[in-house]
Amino acid sequence: MNTAASGAVPVRPFSLTRWFAITSLVCVSAISLVAAEVMSRLFTDRLLRRDAEVTMEFVQSIVAADEFAGHFSGGGDPARRAVLEDTFRRIAQIPDVLRANAYTTDGTVLLSTDRRLVGRNLGRNEELDDALAGRLVFNSGLVRKAEHAGIAASSNATGVPYFIEIYVPIRSGGDANGVVGVVELYKAPDELSEAIRQAHRIVWMSAILGALVLFGALFWIARRADSIMRHQQQRLIQAETLALVGEMASAVAHAVRNPLAAIRSSAEMAAETGPSPEQSEDIVRAVDRIEGWVRELLGYTQPVHGQRLAVDANAVIRKILGEFQRELTKRQVELVAKLDERLPPVRGDAALLGQVINSLVANAVDAVSAPGRIEVKSRVAADARHVEIDVADNGVGIPKGQLDTVFKPFFTTKPRGLGLGLPLAKRALERYDGALNVASTPGVGTTFTISLSVET
């Protein structure tokens, strides 16, 4: 194949294994990461919630035993103040508590382990508002709010990653809705933090291991399937080639009898009476017919080895039309080429495409009579993903009832035709996902349209 003439550039074929590996790795990794993150957050939330509920139950048991809630509105009574402080001191001694605050219903700090906050209103606090509405509220981490001054540094100093803030509503007596204040606890639970870290490690290790196992299994299946498909594709190509060879061999063997008989008759007459120019021309024409059939047989039955090339269709068209120029001039047939110079490369094989165009132009030459006209066009299809090549003539056309049979093997309207040119051309194009269509009007002419995918 003349690469310079065809403008063919090697293109990397599609690799099922490679693309499946990339796609499945991305998908499996993404799903595993999302699942691990969701599970980690779920574990963390459940563990923190349970710790907050246990802390609330413990605080409320102390409050109930000491009648702590009843002294929130005690004003300046020293006795009530002493009870409040004693109960609050025991609450603040709960394990892992870094600091404790007690708030009145207006958000003022009534008691605190940090005496600088006593009597202050620390401004808008959504968690405190929710707790005053009777709900248990908790969150974790270094929540940077005004009343947290000094706690973050303490938490970092211990190296504990989870800093838990719990708001426990304090109710008066048995009234479920009578919230008289809120106790806020800041905790740095070492055991809980370690449990959360271990849970995270287990979740992420399980997700990574599961992703690797799943990816390995899928990759093995895809690679095995790719190998089987490639093997079957090669066998199909071989079977197709053998079937094609059988079809053409039988057709050529049958058709060769006539030109061989003509050659024999001309040779016998030349032996008896001496050679004449007419007899010599008959022999040459018969030999040319046989040689053309054999060349077509060899060209169309060459196996495709899976390599796809980016082909310059215009270059192939110009090359083929140049080979017909002398014959067309002799037959007084006008040849018009309208080629789109912005045509992108197409997917295929330059040699096969050249044979297809050669066959279509040869058919057009046989269909027209002097003075005739053959027009070859190339253009980008409306969808911009295909290139179309028209080979049109102003010959006798094809009857409507025969349009569905022109691509069937051995169908022909030519006295000396084999009926294999168009079926083989269609089959050659289909090797590269191309198509060949025909439109014809009797008495006006016929147009064959080649469609090929744009190589990306």
# chains A, B, ... in the order shown; residues from 1 in each chain; ligands from 1
>>> select_by_dssp(residues="range 371-433 of chain A", states="alpha helix (DSSP H)", output="PDB file with C-alpha atoms, in the first residue's frame")
ATOM      1  CA  GLY A 421     -18.446  -6.650  -7.519  1.00  0.00           C
ATOM      2  CA  LEU A 422     -21.145  -4.876  -5.466  1.00  0.00           C
ATOM      3  CA  PRO A 423     -21.560  -7.605  -2.784  1.00  0.00           C
ATOM      4  CA  LEU A 424     -17.797  -7.667  -2.265  1.00  0.00           C
ATOM      5  CA  ALA A 425     -17.611  -3.878  -2.156  1.00  0.00           C
ATOM      6  CA  LYS A 426     -20.348  -3.758   0.484  1.00  0.00           C
ATOM      7  CA  ARG A 427     -18.647  -6.481   2.525  1.00  0.00           C
ATOM      8  CA  ALA A 428     -15.296  -4.703   2.326  1.00  0.00           C
ATOM      9  CA  LEU A 429     -16.816  -1.478   3.682  1.00  0.00           C
ATOM     10  CA  GLU A 430     -18.632  -3.272   6.480  1.00  0.00           C
TER      11      GLU A 430
END
>>> residues_around(residues="Ala199 in chain A", least_positions_apart="5", cutoff="9 Å", atoms="only C-alpha atoms", output="MDAnalysis selection string")
chainID A and resid 40 43:44 194 204
>>> write_last_selection(atoms="C-alpha atoms", output="compact mmCIF listing (two decimals), in the first residue's frame")
# COMPACT_ATOMS: atom_id res chain seq x y z
CA SER A 40 -17.15 6.29 58.82
CA PHE A 43 -20.07 5.01 62.93
CA THR A 44 -18.82 8.32 64.31
CA GLU A 194 -9.64 5.51 70.07
CA TRP A 204 -11.25 2.10 55.19
>>> residues_around(residues="Phe219 in chain A", least_positions_apart="5", cutoff="12 Å", atoms="only C-alpha atoms", output="list in words")
Leu16, Thr17, Arg18, Trp19, Phe20, Ala21, Ile22, Thr23, Ser24, Leu25, Val28, Ala211, Leu212, Val213, Leu214, Arg224, Ala225 and Asp226 of chain A
>>> residues_around(residues="Glu323 in chain A", least_positions_apart="5", cutoff="10 Å", atoms="only C-alpha atoms", output="PyMOL selection string")
chain A and resi 318+328+358
>>> atom_distance(atom1="CA of Leu309 in chain A", atom2="CA of Ser453 in chain A")
11.5 Å
>>> closest_residue(among="A:Ile91, A:Ile166, A:Ala65, A:Ala30", to="Arg49 in chain A", atoms="only C-alpha atoms")
A:Ile166
>>> select_by_dssp(residues="range 37-103 of chain A", states="strand (DSSP E or B)", output="NGL selection string")
:A and (97-103)
>>> residues_around(residues="Ile170 in chain A", least_positions_apart="5", cutoff="8 Å", atoms="only C-alpha atoms", output="count of residues only")
8
>>> closest_residue(among="A:Ser369, A:Gln332, A:Ser378, A:Thr441", to="Pro399 in chain A", atoms="only C-alpha atoms")
A:Thr441
>>> atom_distance(atom1="CA of Ala381 in chain A", atom2="CA of Lys338 in chain A")
14.8 Å
>>> residues_around(residues="Ser112 in chain A", least_positions_apart="3", cutoff="10 Å", atoms="only C-alpha atoms", output="PDB file with N, CA and C atoms, in the first residue's frame")
ATOM      1  N   GLU A  85     -23.978  25.023  93.371  1.00  0.00           N
ATOM      2  CA  GLU A  85     -22.541  24.905  93.140  1.00  0.00           C
ATOM      3  C   GLU A  85     -22.036  23.499  93.461  1.00  0.00           C
ATOM      4  N   PHE A  88     -23.294  21.202  90.681  1.00  0.00           N
ATOM      5  CA  PHE A  88     -22.577  21.517  89.440  1.00  0.00           C
ATOM      6  C   PHE A  88     -21.141  20.998  89.486  1.00  0.00           C
ATOM      7  N   ARG A  89     -20.541  21.055  90.729  1.00  0.00           N
ATOM      8  CA  ARG A  89     -19.162  20.576  90.887  1.00  0.00           C
ATOM      9  C   ARG A  89     -19.098  19.074  90.598  1.00  0.00           C
ATOM     10  N   ALA A  92     -19.342  18.498  86.865  1.00  0.00           N
ATOM     11  CA  ALA A  92     -18.093  18.851  86.186  1.00  0.00           C
ATOM     12  C   ALA A  92     -17.012  17.805  86.375  1.00  0.00           C
ATOM     13  N   ARG A  99     -14.629  21.118  80.509  1.00  0.00           N
ATOM     14  CA  ARG A  99     -15.243  22.328  81.059  1.00  0.00           C
ATOM     15  C   ARG A  99     -16.746  22.147  81.058  1.00  0.00           C
ATOM     16  N   ALA A 100     -17.419  22.800  82.027  1.00  0.00           N
ATOM     17  CA  ALA A 100     -18.870  22.714  82.137  1.00  0.00           C
ATOM     18  C   ALA A 100     -19.439  24.111  82.315  1.00  0.00           C
ATOM     19  N   ASN A 101     -20.593  24.365  81.714  1.00  0.00           N
ATOM     20  CA  ASN A 101     -21.320  25.622  81.858  1.00  0.00           C
ATOM     21  C   ASN A 101     -22.773  25.305  82.181  1.00  0.00           C
ATOM     22  N   ALA A 102     -23.389  26.148  82.979  1.00  0.00           N
ATOM     23  CA  ALA A 102     -24.830  26.045  83.249  1.00  0.00           C
ATOM     24  C   ALA A 102     -25.462  27.356  82.818  1.00  0.00           C
ATOM     25  N   TYR A 103     -26.500  27.271  81.958  1.00  0.00           N
ATOM     26  CA  TYR A 103     -27.153  28.458  81.404  1.00  0.00           C
ATOM     27  C   TYR A 103     -28.563  28.578  81.933  1.00  0.00           C
ATOM     28  N   VAL A 109     -24.711  32.707  81.470  1.00  0.00           N
ATOM     29  CA  VAL A 109     -23.944  31.659  82.143  1.00  0.00           C
ATOM     30  C   VAL A 109     -24.138  31.817  83.651  1.00  0.00           C
ATOM     31  N   ARG A 115     -14.487  30.685  85.625  1.00  0.00           N
ATOM     32  CA  ARG A 115     -15.213  31.743  86.316  1.00  0.00           C
ATOM     33  C   ARG A 115     -15.285  33.033  85.517  1.00  0.00           C
ATOM     34  N   ARG A 116     -14.460  33.167  84.489  1.00  0.00           N
ATOM     35  CA  ARG A 116     -14.525  34.389  83.678  1.00  0.00           C
ATOM     36  C   ARG A 116     -15.809  34.470  82.865  1.00  0.00           C
ATOM     37  N   LEU A 117     -16.480  33.324  82.669  1.00  0.00           N
ATOM     38  CA  LEU A 117     -17.699  33.307  81.859  1.00  0.00           C
ATOM     39  C   LEU A 117     -18.968  33.507  82.692  1.00  0.00           C
ATOM     40  N   VAL A 118     -18.859  33.418  84.038  1.00  0.00           N
ATOM     41  CA  VAL A 118     -20.048  33.515  84.886  1.00  0.00           C
ATOM     42  C   VAL A 118     -20.664  34.903  84.751  1.00  0.00           C
ATOM     43  N   GLY A 119     -21.997  34.916  84.529  1.00  0.00           N
ATOM     44  CA  GLY A 119     -22.719  36.182  84.402  1.00  0.00           C
ATOM     45  C   GLY A 119     -22.718  36.750  82.998  1.00  0.00           C
ATOM     46  N   VAL A 183     -27.272  22.484  80.848  1.00  0.00           N
ATOM     47  CA  VAL A 183     -25.900  22.217  81.256  1.00  0.00           C
ATOM     48  C   VAL A 183     -25.114  21.838  79.992  1.00  0.00           C
ATOM     49  N   GLU A 184     -24.016  22.543  79.789  1.00  0.00           N
ATOM     50  CA  GLU A 184     -23.174  22.300  78.614  1.00  0.00           C
ATOM     51  C   GLU A 184     -21.860  21.683  79.084  1.00  0.00           C
ATOM     52  N   LEU A 185     -21.506  20.553  78.482  1.00  0.00           N
ATOM     53  CA  LEU A 185     -20.282  19.852  78.850  1.00  0.00           C
ATOM     54  C   LEU A 185     -19.372  19.749  77.640  1.00  0.00           C
TER      55      LEU A 185
END
>>> residues_around(residues="Leu33 in chain A", least_positions_apart="3", cutoff="12 Å", atoms="only C-alpha atoms", output="PyMOL selection string")
chain A and resi 25-30+36-40+203-211
>>> write_last_selection(atoms="N, CA and C atoms", output="CSV table (one decimal), in the first residue's frame")
chain,number,residue,atom,x,y,z
A,25,LEU,N,-11.7,0.7,37.4
A,25,LEU,CA,-10.9,1.2,38.5
A,25,LEU,C,-11.4,2.5,39.1
A,26,VAL,N,-11.8,3.4,38.1
A,26,VAL,CA,-12.4,4.7,38.6
A,26,VAL,C,-13.7,4.5,39.3
A,27,CYS,N,-14.6,3.7,38.7
A,27,CYS,CA,-15.9,3.5,39.3
A,27,CYS,C,-15.8,2.8,40.7
A,28,VAL,N,-15.0,1.7,40.7
A,28,VAL,CA,-14.9,0.9,41.9
A,28,VAL,C,-14.3,1.8,43.0
A,29,SER,N,-13.2,2.5,42.7
A,29,SER,CA,-12.6,3.4,43.6
A,29,SER,C,-13.5,4.5,44.2
A,30,ALA,N,-14.3,5.1,43.3
A,30,ALA,CA,-15.2,6.1,43.7
A,30,ALA,C,-16.3,5.6,44.6
A,36,ALA,N,-17.0,4.1,52.1
A,36,ALA,CA,-16.1,4.2,53.3
A,36,ALA,C,-16.4,5.5,54.1
A,37,GLU,N,-16.5,6.6,53.3
A,37,GLU,CA,-16.8,7.9,54.0
A,37,GLU,C,-18.1,7.9,54.7
A,38,VAL,N,-19.2,7.3,54.0
A,38,VAL,CA,-20.5,7.3,54.6
A,38,VAL,C,-20.5,6.4,55.8
A,39,MET,N,-19.9,5.2,55.8
A,39,MET,CA,-19.8,4.3,56.9
A,39,MET,C,-19.0,5.0,58.1
A,40,SER,N,-17.9,5.6,57.8
A,40,SER,CA,-17.2,6.3,58.8
A,40,SER,C,-18.0,7.4,59.5
A,203,VAL,N,-13.0,0.3,58.6
A,203,VAL,CA,-13.9,0.6,57.5
A,203,VAL,C,-13.1,0.9,56.2
A,204,TRP,N,-12.0,1.7,56.4
A,204,TRP,CA,-11.3,2.1,55.2
A,204,TRP,C,-10.4,0.9,54.7
A,205,MET,N,-9.9,0.1,55.6
A,205,MET,CA,-9.2,-1.1,55.1
A,205,MET,C,-10.1,-2.1,54.4
A,206,SER,N,-11.3,-2.2,55.0
A,206,SER,CA,-12.3,-3.1,54.4
A,206,SER,C,-12.7,-2.6,53.0
A,207,ALA,N,-12.9,-1.3,52.9
A,207,ALA,CA,-13.3,-0.7,51.6
A,207,ALA,C,-12.2,-0.9,50.6
A,208,ILE,N,-10.9,-0.6,51.0
A,208,ILE,CA,-9.8,-0.7,50.0
A,208,ILE,C,-9.6,-2.2,49.6
A,209,LEU,N,-9.7,-3.1,50.6
A,209,LEU,CA,-9.5,-4.5,50.3
A,209,LEU,C,-10.6,-5.0,49.4
A,210,GLY,N,-11.8,-4.6,49.7
A,210,GLY,CA,-13.0,-5.0,48.9
A,210,GLY,C,-12.9,-4.5,47.5
A,211,ALA,N,-12.4,-3.2,47.3
A,211,ALA,CA,-12.3,-2.6,46.0
A,211,ALA,C,-11.2,-3.3,45.2
>>> atom_distance(atom1="CA of Leu48 in chain A", atom2="CA of Ser140 in chain A")
7.9 Å
